[in-house]
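One file, protein.pdb, is given below (PDB, C-alpha atoms and all ligand atoms).
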```pdb
ATOM      1  CA  MET X   1      30.179  33.542 -21.748
ATOM      2  CA  LYS X   2      30.466  37.313 -22.197
ATOM      3  CA  LEU X   3      28.186  39.854 -23.850
ATOM      4  CA  LYS X   4      29.331  40.555 -27.415
ATOM      5  CA  ASN X   5      31.019  43.933 -28.045
ATOM      6  CA  LYS X   6      28.296  44.773 -30.566
ATOM      7  CA  THR X   7      25.600  44.369 -27.889
ATOM      8  CA  VAL X   8      27.579  46.326 -25.292
ATOM      9  CA  ASP X   9      28.167  49.183 -27.755
ATOM     10  CA  ARG X  10      24.461  49.303 -28.656
ATOM     11  CA  LEU X  11      23.368  49.294 -25.022
ATOM     12  CA  LYS X  12      25.842  52.007 -23.983
ATOM     13  CA  LYS X  13      24.973  54.180 -26.980
ATOM     14  CA  ASP X  14      21.237  53.896 -26.293
ATOM     15  CA  TYR X  15      21.122  53.848 -22.498
ATOM     16  CA  GLY X  16      24.408  55.272 -21.181
ATOM     17  CA  ASN X  17      26.633  53.401 -18.750
ATOM     18  CA  TRP X  18      24.667  53.250 -15.499
ATOM     19  CA  ALA X  19      22.362  50.347 -14.618
ATOM     20  CA  LEU X  20      20.392  49.416 -11.504
ATOM     21  CA  VAL X  21      19.651  45.837 -10.472
ATOM     22  CA  THR X  22      17.356  45.135  -7.516
ATOM     23  CA  GLY X  23      17.874  41.811  -5.796
ATOM     24  CA  ALA X  24      21.500  41.517  -6.878
ATOM     25  CA  THR X  25      22.716  39.446  -3.914
ATOM     26  CA  SER X  26      21.819  36.086  -5.462
ATOM     27  CA  GLY X  27      20.377  34.145  -8.372
ATOM     28  CA  ILE X  28      19.188  35.906 -11.511
ATOM     29  CA  GLY X  29      19.868  39.442 -10.235
ATOM     30  CA  LYS X  30      23.442  38.581  -9.279
ATOM     31  CA  ALA X  31      24.068  37.018 -12.705
ATOM     32  CA  LEU X  32      22.585  40.049 -14.503
ATOM     33  CA  ALA X  33      24.598  42.514 -12.400
ATOM     34  CA  THR X  34      27.797  40.509 -12.947
ATOM     35  CA  LYS X  35      27.351  40.399 -16.735
ATOM     36  CA  LEU X  36      26.675  44.154 -16.814
ATOM     37  CA  ALA X  37      29.735  44.890 -14.633
ATOM     38  CA  GLU X  38      31.867  42.655 -16.852
ATOM     39  CA  ALA X  39      30.630  44.721 -19.823
ATOM     40  CA  GLY X  40      31.783  47.930 -18.108
ATOM     41  CA  PHE X  41      28.498  49.303 -16.747
ATOM     42  CA  ASN X  42      28.508  51.179 -13.449
ATOM     43  CA  LEU X  43      25.895  49.752 -11.153
ATOM     44  CA  VAL X  44      23.513  50.398  -8.326
ATOM     45  CA  ILE X  45      22.887  47.035  -6.669
ATOM     46  CA  THR X  46      20.318  46.320  -3.971
ATOM     47  CA  GLY X  47      19.277  43.621  -1.541
ATOM     48  CA  ARG X  48      18.691  43.110   2.175
ATOM     49  CA  ARG X  49      21.992  41.277   2.802
ATOM     50  CA  GLU X  50      24.613  43.931   3.387
ATOM     51  CA  THR X  51      27.679  41.653   3.478
ATOM     52  CA  GLN X  52      26.852  40.033   0.122
ATOM     53  CA  LEU X  53      26.148  43.415  -1.457
ATOM     54  CA  ASN X  54      29.395  44.950  -0.224
ATOM     55  CA  SER X  55      31.520  42.034  -1.351
ATOM     56  CA  LEU X  56      29.866  42.055  -4.787
ATOM     57  CA  SER X  57      30.548  45.761  -5.040
ATOM     58  CA  THR X  58      34.234  45.229  -4.161
ATOM     59  CA  GLU X  59      34.444  42.339  -6.649
ATOM     60  CA  PHE X  60      33.012  44.517  -9.445
ATOM     61  CA  PHE X  61      35.563  47.245  -8.746
ATOM     62  CA  ASP X  62      38.524  44.866  -8.419
ATOM     63  CA  GLN X  63      37.683  42.676 -11.406
ATOM     64  CA  TYR X  64      36.022  45.046 -13.849
ATOM     65  CA  ASN X  65      37.069  48.495 -12.618
ATOM     66  CA  VAL X  66      33.475  49.759 -12.521
ATOM     67  CA  GLU X  67      31.802  51.883  -9.883
ATOM     68  CA  SER X  68      29.043  50.157  -7.978
ATOM     69  CA  ILE X  69      26.832  51.551  -5.272
ATOM     70  CA  PRO X  70      25.357  49.012  -2.853
ATOM     71  CA  ILE X  71      22.036  50.040  -1.324
ATOM     72  CA  VAL X  72      20.685  47.869   1.471
ATOM     73  CA  GLY X  73      16.947  47.750   2.056
ATOM     74  CA  ASP X  74      13.808  45.659   2.295
ATOM     75  CA  LEU X  75      11.914  46.792  -0.798
ATOM     76  CA  SER X  76       8.649  45.345   0.446
ATOM     77  CA  ARG X  77       8.650  48.426   2.726
ATOM     78  CA  LYS X  78       7.633  51.659   1.030
ATOM     79  CA  GLU X  79      10.141  53.695   3.104
ATOM     80  CA  ALA X  80      12.984  51.557   1.701
ATOM     81  CA  VAL X  81      11.748  52.090  -1.863
ATOM     82  CA  ASP X  82      11.466  55.850  -1.193
ATOM     83  CA  SER X  83      15.011  56.013   0.110
ATOM     84  CA  LEU X  84      16.414  53.937  -2.795
ATOM     85  CA  LEU X  85      14.787  56.367  -5.236
ATOM     86  CA  GLU X  86      16.089  59.351  -3.309
ATOM     87  CA  GLU X  87      19.629  57.976  -3.047
ATOM     88  CA  THR X  88      19.816  57.291  -6.792
ATOM     89  CA  ASN X  89      18.053  60.439  -7.976
ATOM     90  CA  HIS X  90      21.307  62.236  -8.873
ATOM     91  CA  LEU X  91      22.364  59.417 -11.212
ATOM     92  CA  SER X  92      21.416  59.088 -14.848
ATOM     93  CA  ILE X  93      20.425  55.419 -14.837
ATOM     94  CA  GLY X  94      19.525  54.164 -18.303
ATOM     95  CA  ILE X  95      18.875  50.470 -17.568
ATOM     96  CA  VAL X  96      16.701  49.573 -14.583
ATOM     97  CA  ILE X  97      16.249  45.877 -13.777
ATOM     98  CA  LEU X  98      13.457  45.332 -11.242
ATOM     99  CA  ASN X  99      14.322  41.781 -10.319
ATOM    100  CA  ALA X 100      13.880  41.485  -6.516
ATOM    101  CA  GLY X 101      11.016  39.126  -5.768
ATOM    102  CA  PHE X 102      10.088  35.878  -4.096
ATOM    103  CA  GLY X 103       7.565  33.076  -4.349
ATOM    104  CA  THR X 104       5.272  31.130  -2.061
ATOM    105  CA  SER X 105       3.634  27.764  -2.605
ATOM    106  CA  GLY X 106       1.181  25.276  -1.152
ATOM    107  CA  LYS X 107      -2.482  25.496  -0.321
ATOM    108  CA  PHE X 108      -3.640  29.095  -0.036
ATOM    109  CA  VAL X 109      -6.013  28.243   2.840
ATOM    110  CA  ASN X 110      -3.001  27.171   4.909
ATOM    111  CA  SER X 111      -0.780  30.089   3.927
ATOM    112  CA  ASP X 112       0.626  32.781   6.192
ATOM    113  CA  ILE X 113      -1.360  35.800   5.040
ATOM    114  CA  GLN X 114       1.305  38.294   6.206
ATOM    115  CA  ASN X 115       3.841  36.548   3.983
ATOM    116  CA  GLU X 116       1.405  36.587   1.040
ATOM    117  CA  LEU X 117       0.767  40.312   1.552
ATOM    118  CA  ASN X 118       4.513  40.884   1.788
ATOM    119  CA  LEU X 119       4.891  39.095  -1.572
ATOM    120  CA  VAL X 120       2.435  41.516  -3.187
ATOM    121  CA  ASP X 121       4.288  44.467  -1.595
ATOM    122  CA  LEU X 122       7.618  43.340  -3.077
ATOM    123  CA  ASN X 123       6.651  41.658  -6.357
ATOM    124  CA  CYS X 124       3.990  44.199  -7.386
ATOM    125  CA  LYS X 125       3.783  47.399  -5.320
ATOM    126  CA  ALA X 126       7.525  48.120  -5.197
ATOM    127  CA  VAL X 127       7.826  47.407  -8.928
ATOM    128  CA  LEU X 128       4.899  49.728  -9.660
ATOM    129  CA  GLN X 129       6.411  52.579  -7.633
ATOM    130  CA  MET X 130       9.924  52.168  -9.047
ATOM    131  CA  SER X 131       8.645  51.881 -12.642
ATOM    132  CA  HIS X 132       6.636  55.091 -12.175
ATOM    133  CA  HIS X 133       9.650  56.941 -10.778
ATOM    134  CA  PHE X 134      12.104  55.766 -13.420
ATOM    135  CA  CYS X 135       9.840  56.199 -16.448
ATOM    136  CA  ASN X 136       9.205  59.794 -15.365
ATOM    137  CA  LYS X 137      12.935  60.402 -15.017
ATOM    138  CA  MET X 138      13.761  58.625 -18.286
ATOM    139  CA  LYS X 139      11.200  60.506 -20.359
ATOM    140  CA  ASP X 140      13.082  63.770 -19.692
ATOM    141  CA  GLU X 141      16.470  62.373 -20.726
ATOM    142  CA  THR X 142      17.907  63.035 -24.174
ATOM    143  CA  ARG X 143      18.780  59.350 -24.621
ATOM    144  CA  LYS X 144      16.655  56.235 -24.273
ATOM    145  CA  GLY X 145      15.798  54.312 -21.115
ATOM    146  CA  ALA X 146      15.011  50.646 -20.436
ATOM    147  CA  ILE X 147      13.105  48.933 -17.654
ATOM    148  CA  VAL X 148      13.363  45.159 -17.296
ATOM    149  CA  LEU X 149      10.675  43.390 -15.273
ATOM    150  CA  LEU X 150      11.003  39.836 -13.978
ATOM    151  CA  SER X 151       7.891  38.001 -15.043
ATOM    152  CA  SER X 152       7.766  34.192 -15.163
ATOM    153  CA  MET X 153       6.319  31.319 -17.172
ATOM    154  CA  VAL X 154       3.712  31.106 -14.377
ATOM    155  CA  ALA X 155       2.388  34.508 -15.531
ATOM    156  CA  PHE X 156       0.421  33.104 -18.473
ATOM    157  CA  GLN X 157      -2.313  31.169 -16.610
ATOM    158  CA  GLY X 158      -3.584  30.600 -13.078
ATOM    159  CA  VAL X 159      -1.293  28.447 -10.934
ATOM    160  CA  PRO X 160      -2.929  26.141  -8.361
ATOM    161  CA  ASN X 161      -0.581  25.643  -5.362
ATOM    162  CA  ALA X 162       1.170  28.935  -6.063
ATOM    163  CA  ALA X 163      -1.889  31.069  -6.783
ATOM    164  CA  ASN X 164      -0.661  34.311  -5.245
ATOM    165  CA  TYR X 165       2.843  34.062  -6.705
ATOM    166  CA  GLY X 166       1.391  33.232 -10.156
ATOM    167  CA  ALA X 167      -0.990  36.193  -9.870
ATOM    168  CA  SER X 168       1.878  38.537  -8.905
ATOM    169  CA  LYS X 169       3.754  37.561 -12.063
ATOM    170  CA  ALA X 170       0.585  37.838 -14.204
ATOM    171  CA  TYR X 171       0.351  41.398 -12.854
ATOM    172  CA  ILE X 172       3.969  42.093 -13.879
ATOM    173  CA  GLN X 173       3.511  40.566 -17.341
ATOM    174  CA  SER X 174       0.306  42.488 -18.037
ATOM    175  CA  PHE X 175       1.716  45.726 -16.592
ATOM    176  CA  GLY X 176       4.861  45.394 -18.711
ATOM    177  CA  GLU X 177       2.981  44.567 -21.925
ATOM    178  CA  GLY X 178       0.800  47.650 -21.462
ATOM    179  CA  LEU X 179       3.706  49.925 -20.576
ATOM    180  CA  ALA X 180       5.820  48.681 -23.484
ATOM    181  CA  ARG X 181       3.368  50.186 -26.002
ATOM    182  CA  GLU X 182       2.585  53.242 -23.917
ATOM    183  CA  LEU X 183       6.211  54.254 -23.280
ATOM    184  CA  LYS X 184       7.718  53.549 -26.701
ATOM    185  CA  PRO X 185       6.989  57.123 -27.926
ATOM    186  CA  PHE X 186       8.988  58.436 -24.932
ATOM    187  CA  GLY X 187      12.029  56.363 -25.942
ATOM    188  CA  ILE X 188      11.565  53.957 -23.049
ATOM    189  CA  ASP X 189      11.912  50.238 -23.745
ATOM    190  CA  ILE X 190      10.184  47.740 -21.478
ATOM    191  CA  LEU X 191      11.224  44.102 -21.367
ATOM    192  CA  CYS X 192       9.308  41.404 -19.495
ATOM    193  CA  ALA X 193      11.689  38.489 -18.961
ATOM    194  CA  ALA X 194       9.630  35.384 -18.206
ATOM    195  CA  PRO X 195      11.889  32.471 -17.205
ATOM    196  CA  GLY X 196      10.880  28.907 -16.400
ATOM    197  CA  PRO X 197      12.458  27.216 -13.344
ATOM    198  CA  VAL X 198      15.874  28.649 -12.428
ATOM    199  CA  LYS X 199      18.262  27.274  -9.800
ATOM    200  CA  SER X 200      18.693  30.095  -7.277
ATOM    201  CA  GLY X 201      17.638  31.019  -3.758
ATOM    202  CA  PHE X 202      14.047  31.125  -5.038
ATOM    203  CA  ALA X 203      12.981  27.493  -4.522
ATOM    204  CA  ASP X 204      14.090  27.335  -0.878
ATOM    205  CA  ARG X 205      12.251  30.511   0.068
ATOM    206  CA  ALA X 206       9.145  29.420  -1.891
ATOM    207  CA  ASN X 207       9.327  25.947  -0.318
ATOM    208  CA  MET X 208       9.290  24.312  -3.768
ATOM    209  CA  ASN X 209      11.246  21.275  -4.936
ATOM    210  CA  MET X 210      11.814  22.213  -8.567
ATOM    211  CA  GLY X 211      13.141  19.483 -10.820
ATOM    212  CA  MET X 212      14.932  20.398 -14.004
ATOM    213  CA  SER X 213      16.060  23.999 -13.957
ATOM    214  CA  LEU X 214      18.117  26.581 -15.789
ATOM    215  CA  LEU X 215      21.131  28.320 -14.262
ATOM    216  CA  PRO X 216      20.986  32.093 -13.681
ATOM    217  CA  GLU X 217      24.090  32.426 -15.891
ATOM    218  CA  ASP X 218      22.192  30.689 -18.747
ATOM    219  CA  ILE X 219      19.546  33.378 -18.878
ATOM    220  CA  ALA X 220      21.459  36.549 -17.957
ATOM    221  CA  ILE X 221      22.965  37.131 -21.413
ATOM    222  CA  PRO X 222      19.732  36.456 -23.366
ATOM    223  CA  ILE X 223      17.879  38.875 -21.055
ATOM    224  CA  ILE X 224      20.448  41.669 -21.465
ATOM    225  CA  LYS X 225      20.639  41.088 -25.250
ATOM    226  CA  ALA X 226      16.845  41.409 -25.536
ATOM    227  CA  ILE X 227      16.782  44.909 -23.997
ATOM    228  CA  GLY X 228      15.463  47.293 -26.653
ATOM    229  CA  LYS X 229      14.755  44.418 -29.042
ATOM    230  CA  LYS X 230      11.720  42.649 -27.527
ATOM    231  CA  SER X 231       8.975  43.389 -25.036
ATOM    232  CA  THR X 232       8.641  39.798 -23.777
ATOM    233  CA  LEU X 233      11.387  37.199 -23.642
ATOM    234  CA  LEU X 234      11.187  33.518 -22.689
ATOM    235  CA  PRO X 235      14.858  33.059 -21.775
ATOM    236  CA  GLY X 236      16.539  29.664 -22.231
ATOM    237  CA  PHE X 237      15.583  26.555 -24.170
ATOM    238  CA  LEU X 238      13.783  24.949 -21.206
ATOM    239  CA  THR X 239      11.539  28.024 -20.791
ATOM    240  CA  LYS X 240      10.652  28.082 -24.497
ATOM    241  CA  PHE X 241       9.984  24.340 -24.499
ATOM    242  CA  LEU X 242       7.698  24.535 -21.439
ATOM    243  CA  VAL X 243       5.752  27.606 -22.578
ATOM    244  CA  TYR X 244       5.388  26.553 -26.233
ATOM    245  CA  SER X 245       4.261  23.045 -25.281
ATOM    246  CA  LEU X 246       1.366  24.602 -23.337
ATOM    247  CA  ARG X 247       0.505  27.142 -26.013
ATOM    248  CA  LEU X 248      -2.032  25.046 -27.930
ATOM    249  CA  LEU X 249      -4.038  24.193 -24.820
ATOM    250  CA  PRO X 250      -7.091  26.233 -23.821
ATOM    251  CA  ARG X 251      -6.527  28.350 -20.692
ATOM    252  CA  TRP X 252      -8.313  25.803 -18.455
ATOM    253  CA  GLY X 253      -6.030  23.083 -19.838
ATOM    254  CA  LYS X 254      -2.910  25.104 -19.035
ATOM    255  CA  ILE X 255      -4.181  25.604 -15.486
ATOM    256  CA  ARG X 256      -4.593  21.812 -15.102
ATOM    257  CA  VAL X 257      -1.044  21.235 -16.344
ATOM    258  CA  MET X 258       0.327  23.893 -13.967
ATOM    259  CA  GLU X 259      -1.628  22.229 -11.149
ATOM    260  CA  LYS X 260       0.217  18.982 -11.868
ATOM    261  CA  VAL X 261       3.590  20.722 -12.194
ATOM    262  CA  MET X 262       3.183  22.740  -8.986
ATOM    263  CA  GLY X 263       1.688  19.691  -7.260
ATOM    264  CA  GLY X 264       4.997  17.933  -8.019
ATOM    265  CA  PHE X 265       7.045  20.909  -6.784
ATOM    266  CA  THR X 266       5.119  20.931  -3.480
ATOM    267  CA  LYS X 267       4.644  17.159  -2.932
ATOM    268  CA  HIS X 268       6.967  17.236   0.098
ATOM    269  CA  GLN X 269       4.544  19.611   1.873
ATOM    270  CA  LYS X 270       1.808  16.952   2.173
TER     271      LYS X 270
HETATM  272  N1  LIG X 301      14.052  31.071  -9.838
HETATM  273  C1  LIG X 301      13.015  30.888 -10.639
HETATM  274  O1  LIG X 301      12.623  29.753 -10.943
HETATM  275  C2  LIG X 301      12.314  32.080 -11.224
HETATM  276  C3  LIG X 301      11.539  31.894 -12.359
HETATM  277  C4  LIG X 301      10.877  32.972 -12.908
HETATM  278  C5  LIG X 301      10.991  34.222 -12.341
HETATM  279  N2  LIG X 301      11.749  34.388 -11.223
HETATM  280  C6  LIG X 301      11.839  35.731 -10.636
HETATM  281  O2  LIG X 301      13.184  36.168 -10.706
HETATM  282  C7  LIG X 301      13.438  37.112  -9.683
HETATM  283  C8  LIG X 301      14.731  36.757  -8.976
HETATM  284  O3  LIG X 301      14.570  35.519  -8.333
HETATM  285  P1  LIG X 301      15.757  34.468  -8.151
HETATM  286  O4  LIG X 301      15.318  33.213  -8.746
HETATM  287  O5  LIG X 301      17.048  35.034  -8.566
HETATM  288  O6  LIG X 301      15.692  34.278  -6.563
HETATM  289  P2  LIG X 301      16.760  34.544  -5.411
HETATM  290  O7  LIG X 301      18.041  33.863  -5.703
HETATM  291  O8  LIG X 301      16.044  34.213  -4.159
HETATM  292  O9  LIG X 301      17.020  36.114  -5.485
HETATM  293  C9  LIG X 301      16.066  37.044  -5.046
HETATM  294  C10 LIG X 301      16.749  38.400  -4.892
HETATM  295  O10 LIG X 301      15.751  39.323  -4.428
HETATM  296  C11 LIG X 301      16.188  39.936  -3.235
HETATM  297  N3  LIG X 301      15.084  40.153  -2.309
HETATM  298  C12 LIG X 301      14.235  39.217  -1.825
HETATM  299  N4  LIG X 301      13.375  39.783  -0.963
HETATM  300  C13 LIG X 301      13.690  41.100  -0.908
HETATM  301  C14 LIG X 301      13.160  42.197  -0.195
HETATM  302  N5  LIG X 301      12.120  42.069   0.637
HETATM  303  N6  LIG X 301      13.721  43.410  -0.377
HETATM  304  C15 LIG X 301      14.779  43.560  -1.207
HETATM  305  N7  LIG X 301      15.316  42.565  -1.929
HETATM  306  C16 LIG X 301      14.773  41.343  -1.767
HETATM  307  C17 LIG X 301      17.199  38.958  -2.628
HETATM  308  O11 LIG X 301      18.157  39.667  -1.878
HETATM  309  P3  LIG X 301      18.208  39.644  -0.261
HETATM  310  O12 LIG X 301      17.865  38.272   0.191
HETATM  311  O13 LIG X 301      19.612  40.089   0.023
HETATM  312  O14 LIG X 301      17.212  40.660   0.140
HETATM  313  C18 LIG X 301      17.855  38.363  -3.862
HETATM  314  O15 LIG X 301      18.926  39.161  -4.282
HETATM  315  C19 LIG X 301      12.198  37.115  -8.788
HETATM  316  O16 LIG X 301      11.392  38.225  -9.126
HETATM  317  C20 LIG X 301      11.506  35.812  -9.159
HETATM  318  O17 LIG X 301      10.125  35.876  -8.951
HETATM  319  C21 LIG X 301      12.423  33.352 -10.651
END
```

Starting from the coordinates I provided, produce the structure as structure tokens.
Ligand SMILES: NC(=O)c1ccc[n+]([C@@H]2O[C@H](COP(=O)([O-])OP(=O)(O)OC[C@H]3O[C@@H](n4cnc5c(N)ncnc54)[C@H](OP(=O)(O)O)[C@@H]3O)[C@@H](O)[C@H]2O)c1
Amino acid sequence: MKLKNKTVDRLKKDYGNWALVTGATSGIGKALATKLAEAGFNLVITGRRETQLNSLSTEFFDQYNVESIPIVGDLSRKEAVDSLLEETNHLSIGIVILNAGFGTSGKFVNSDIQNELNLVDLNCKAVLQMSHHFCNKMKDETRKGAIVLLSSMVAFQGVPNAANYGASKAYIQSFGEGLARELKPFGIDILCAAPGPVKSGFADRANMNMGMSLLPEDIAIPIIKAIGKKSTLLPGFLTKFLVYSLRLLPRWGKIRVMEKVMGGFTKHQK
């Protein structure tokens, strides 16, 4: 499926024709970058895997005739974030999608603390720094700007067996909700996209066995369509079903349900 012309026209009129997607080498970021390229946006795409980034960049040029700038870097390192911001500073990027992130799972007492700290560096600190940079740049532009943050359905309650990952997404959700109100007067739209389970590289790296899941392609169009329209989106039917079915429970009840769900996802670890 393609983005409708009406949506593309609205997005280009409001935000111009440059977008940035972090974590574009696989999964959700790749699907978002591909849909934007197909719609004629020029792109900055990032990731650590240089070969994947370069071939995606070539594909975007060959198939959609758009310019795309691949920037390789480990965004859990502040120096890499600094250099990404420096390298893109001359561009007028209207849509910034801060998607790069990863998960961990299992008992926190047994976790590798360096990996957990690295998760906070990538999922929270890098997003904080990039949001600060881009909202300051966007507020001085004559047209609007948009920042999309990748939250998750795990953001809405504590998550036993993925406590640090859940907390990192709760940070993103809360940060985005606050910024959405604060930045509206500057013409900056914030969208927190909070998917349920999605089939991507995520589960392998997080060491989770997720059951039913959405495809990145299923949620890319709803996320892009929601830019400038909503501040939080639960993309895909499965996400809505899972989040709404928990909604009537008290917070402690949701935590118990998430414990069961994540217990299932991590059963193989026992
Ligand atoms: N999959 C799900 O069930 C799900 C659900 C809700 C939210 N999310 C969120 O969606 C986002 C995308 O995840 P995904 O499911 O698409 O997973 P994915 O397929 O593993 O993609 C993650 C992307 O982030 C990049 N990345 C990872 N570590 C990085 C680092 N240190 N520096 C720079 N880039 C890095 C990866 O590129 P390289 O490997 O090339 O660096 C890759 O392009 C994440 O923020 C995740 O938390 C995922």

Practice task
Report as a PyMOL selection string the residues that result from applying the PyMOL selection byres (((not hetatm)) within 6 of (chain X and resi 301)) to the structure here.
Solution key: chain X and resi 23-29+47-49+73-76+99-103+122+150-152+194-202

Problem - Residues matched by the PyMOL selection byres (((chain X and resi 221) around 9) and not hetatm) as a PyMOL selection string - result: chain X and resi 1-3+31-32+35+217-220+222-226

Selection export as a PDB file, in the coordinates of the input, atoms kept: C-alpha atoms:
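Heads up, here's the output in part_13.pdb:
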```
ATOM      1  CA  MET X   1      30.179  33.542 -21.748  1.00  0.00           C
ATOM      2  CA  LYS X   2      30.466  37.313 -22.197  1.00  0.00           C
ATOM      3  CA  LEU X   3      28.186  39.854 -23.850  1.00  0.00           C
ATOM      4  CA  ALA X  31      24.068  37.018 -12.705  1.00  0.00           C
ATOM      5  CA  LEU X  32      22.585  40.049 -14.503  1.00  0.00           C
ATOM      6  CA  LYS X  35      27.351  40.399 -16.735  1.00  0.00           C
ATOM      7  CA  GLU X 217      24.090  32.426 -15.891  1.00  0.00           C
ATOM      8  CA  ASP X 218      22.192  30.689 -18.747  1.00  0.00           C
ATOM      9  CA  ILE X 219      19.546  33.378 -18.878  1.00  0.00           C
ATOM     10  CA  ALA X 220      21.459  36.549 -17.957  1.00  0.00           C
ATOM     11  CA  PRO X 222      19.732  36.456 -23.366  1.00  0.00           C
ATOM     12  CA  ILE X 223      17.879  38.875 -21.055  1.00  0.00           C
ATOM     13  CA  ILE X 224      20.448  41.669 -21.465  1.00  0.00           C
ATOM     14  CA  LYS X 225      20.639  41.088 -25.250  1.00  0.00           C
ATOM     15  CA  ALA X 226      16.845  41.409 -25.536  1.00  0.00           C
TER      16      ALA X 226
END
```

Exercise for the section: Tell me, as a count of residues only, which residues lie within 12 Å of stretch 174-183 of chain X, counting all atoms listed in the file; anything in the same chain fewer than 6 positions away does not count. Expected result: 39

Practice task
Check the smallest atom-to-atom distance from each of X:Thr104, X:Thr266, X:Gln129, X:Ser245 to X:Ala206 using all atoms listed in the file, then report the winner.
Solution key: X:Thr104

Exercise for the section: Determine the residue set returned by the PyMOL selection byres (((chain X and resi 14) around 12) and not hetatm) for the present structure, and present it as number ranges by chain. Expected result: X: 7-13, 15-18, 93-95, 138, 141-146, 187-189, 227-229

Exercise for the section: Excluding stretch 108-111 of chain X and any residue of its chain fewer than 4 positions from it, enumerate the residues within 8 Å of it, using all atoms listed in the file, and give them as number ranges by chain. Expected result: X: 115-116, 161-164

Taking all atoms of stretch 9-24 of chain X that the file lists, what box with edges along x, y and z, padded by 8 Å per side, do you get, with centre and edge lengths in Å to one decimal, as JSON?
```
{"center_x": 22.8, "center_y": 48.4, "center_z": -17.2, "size_x": 26.8, "size_y": 29.8, "size_z": 38.9}
```

Exercise for the section: Go through X:Phe61, X:Gly158, X:Ala126, X:Ser55 one by one, measure the shortest atom-to-atom distance of each to X:Thr22 using all atoms listed in the file, and give the residue with the smallest value. Expected result: X:Ala126

Practice task
Please provide the set of residues having any atom within 9 Å of X:Ile255, restricted to only C-alpha atoms, with same-chain residues fewer than 4 positions apart removed, written as a PyMOL selection string.
Solution key: chain X and resi 157-160+250-251+259-260

May I have a table of the residues of stretch 51-88 of chain X lying at most 12 Å from stretch 39-42 of chain X, giving each one's closest pair of atoms and their distance in Å to one decimal, counting all atoms listed in the file, ordered by chain and ascending residue number, as CSV?
```
residue,atom,partner,partner_atom,distance
X:Ser57,CA,X:Asn42,CA,10.2
X:Phe60,CA,X:Asn42,CA,9.0
X:Phe61,CA,X:Asn42,CA,9.3
X:Gln63,CA,X:Gly40,CA,10.4
X:Tyr64,CA,X:Gly40,CA,6.7
X:Asn65,CA,X:Gly40,CA,7.6
X:Val66,CA,X:Asn42,CA,5.2
X:Glu67,CA,X:Asn42,CA,4.9
X:Ser68,CA,X:Asn42,CA,5.6
X:Ile69,CA,X:Asn42,CA,8.4
X:Pro70,CA,X:Asn42,CA,11.3
```

For the selection just defined, write its residues with C-alpha atoms to a file, as a PDB file, in the coordinates of the input.
```
ATOM      1  CA  SER X  57      30.548  45.761  -5.040  1.00  0.00           C
ATOM      2  CA  PHE X  60      33.012  44.517  -9.445  1.00  0.00           C
ATOM      3  CA  PHE X  61      35.563  47.245  -8.746  1.00  0.00           C
ATOM      4  CA  GLN X  63      37.683  42.676 -11.406  1.00  0.00           C
ATOM      5  CA  TYR X  64      36.022  45.046 -13.849  1.00  0.00           C
ATOM      6  CA  ASN X  65      37.069  48.495 -12.618  1.00  0.00           C
ATOM      7  CA  VAL X  66      33.475  49.759 -12.521  1.00  0.00           C
ATOM      8  CA  GLU X  67      31.802  51.883  -9.883  1.00  0.00           C
ATOM      9  CA  SER X  68      29.043  50.157  -7.978  1.00  0.00           C
ATOM     10  CA  ILE X  69      26.832  51.551  -5.272  1.00  0.00           C
ATOM     11  CA  PRO X  70      25.357  49.012  -2.853  1.00  0.00           C
TER      12      PRO X  70
END
```

Practice task
Would you mind reading off the distance between atom CA of X:Asn123 and atom CA of X:Thr88, one decimal, in Å?
Solution key: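 A separation of 20.4 Å between them.
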
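Nearest-residue note for X:Gly211: choosing from X:Lys30, X:Lys6, X:Lys267, X:Lys107, the minimum distance belongs to X:Lys267, counting all atoms listed in the file.
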
Reconstruct N, CA and C atoms of stretch 204-211 of chain X; output as a JSON list (two decimals), keeping the file's coordinate frame.
```
[["chain", "number", "residue", "atom", "x", "y", "z"],
["X", 204, "ASP", "N", 14.06, 27.53, -2.34],
["X", 204, "ASP", "CA", 14.09, 27.34, -0.88],
["X", 204, "ASP", "C", 13.10, 28.26, -0.19],
["X", 205, "ARG", "N", 13.15, 29.54, -0.58],
["X", 205, "ARG", "CA", 12.25, 30.51, 0.07],
["X", 205, "ARG", "C", 10.78, 30.21, -0.26],
["X", 206, "ALA", "N", 10.53, 29.72, -1.49],
["X", 206, "ALA", "CA", 9.14, 29.42, -1.89],
["X", 206, "ALA", "C", 8.68, 28.05, -1.39],
["X", 207, "ASN", "N", 9.61, 27.31, -0.78],
["X", 207, "ASN", "CA", 9.33, 25.95, -0.32],
["X", 207, "ASN", "C", 8.87, 25.04, -1.47],
["X", 208, "MET", "N", 9.59, 25.16, -2.60],
["X", 208, "MET", "CA", 9.29, 24.31, -3.77],
["X", 208, "MET", "C", 10.48, 23.40, -4.02],
["X", 209, "ASN", "N", 10.19, 22.18, -4.46],
["X", 209, "ASN", "CA", 11.25, 21.28, -4.94],
["X", 209, "ASN", "C", 11.17, 21.24, -6.45],
["X", 210, "MET", "N", 11.91, 22.15, -7.11],
["X", 210, "MET", "CA", 11.81, 22.21, -8.57],
["X", 210, "MET", "C", 12.74, 21.16, -9.16],
["X", 211, "GLY", "N", 12.30, 20.52, -10.21],
["X", 211, "GLY", "CA", 13.14, 19.48, -10.82],
["X", 211, "GLY", "C", 14.18, 20.12, -11.73]]
```
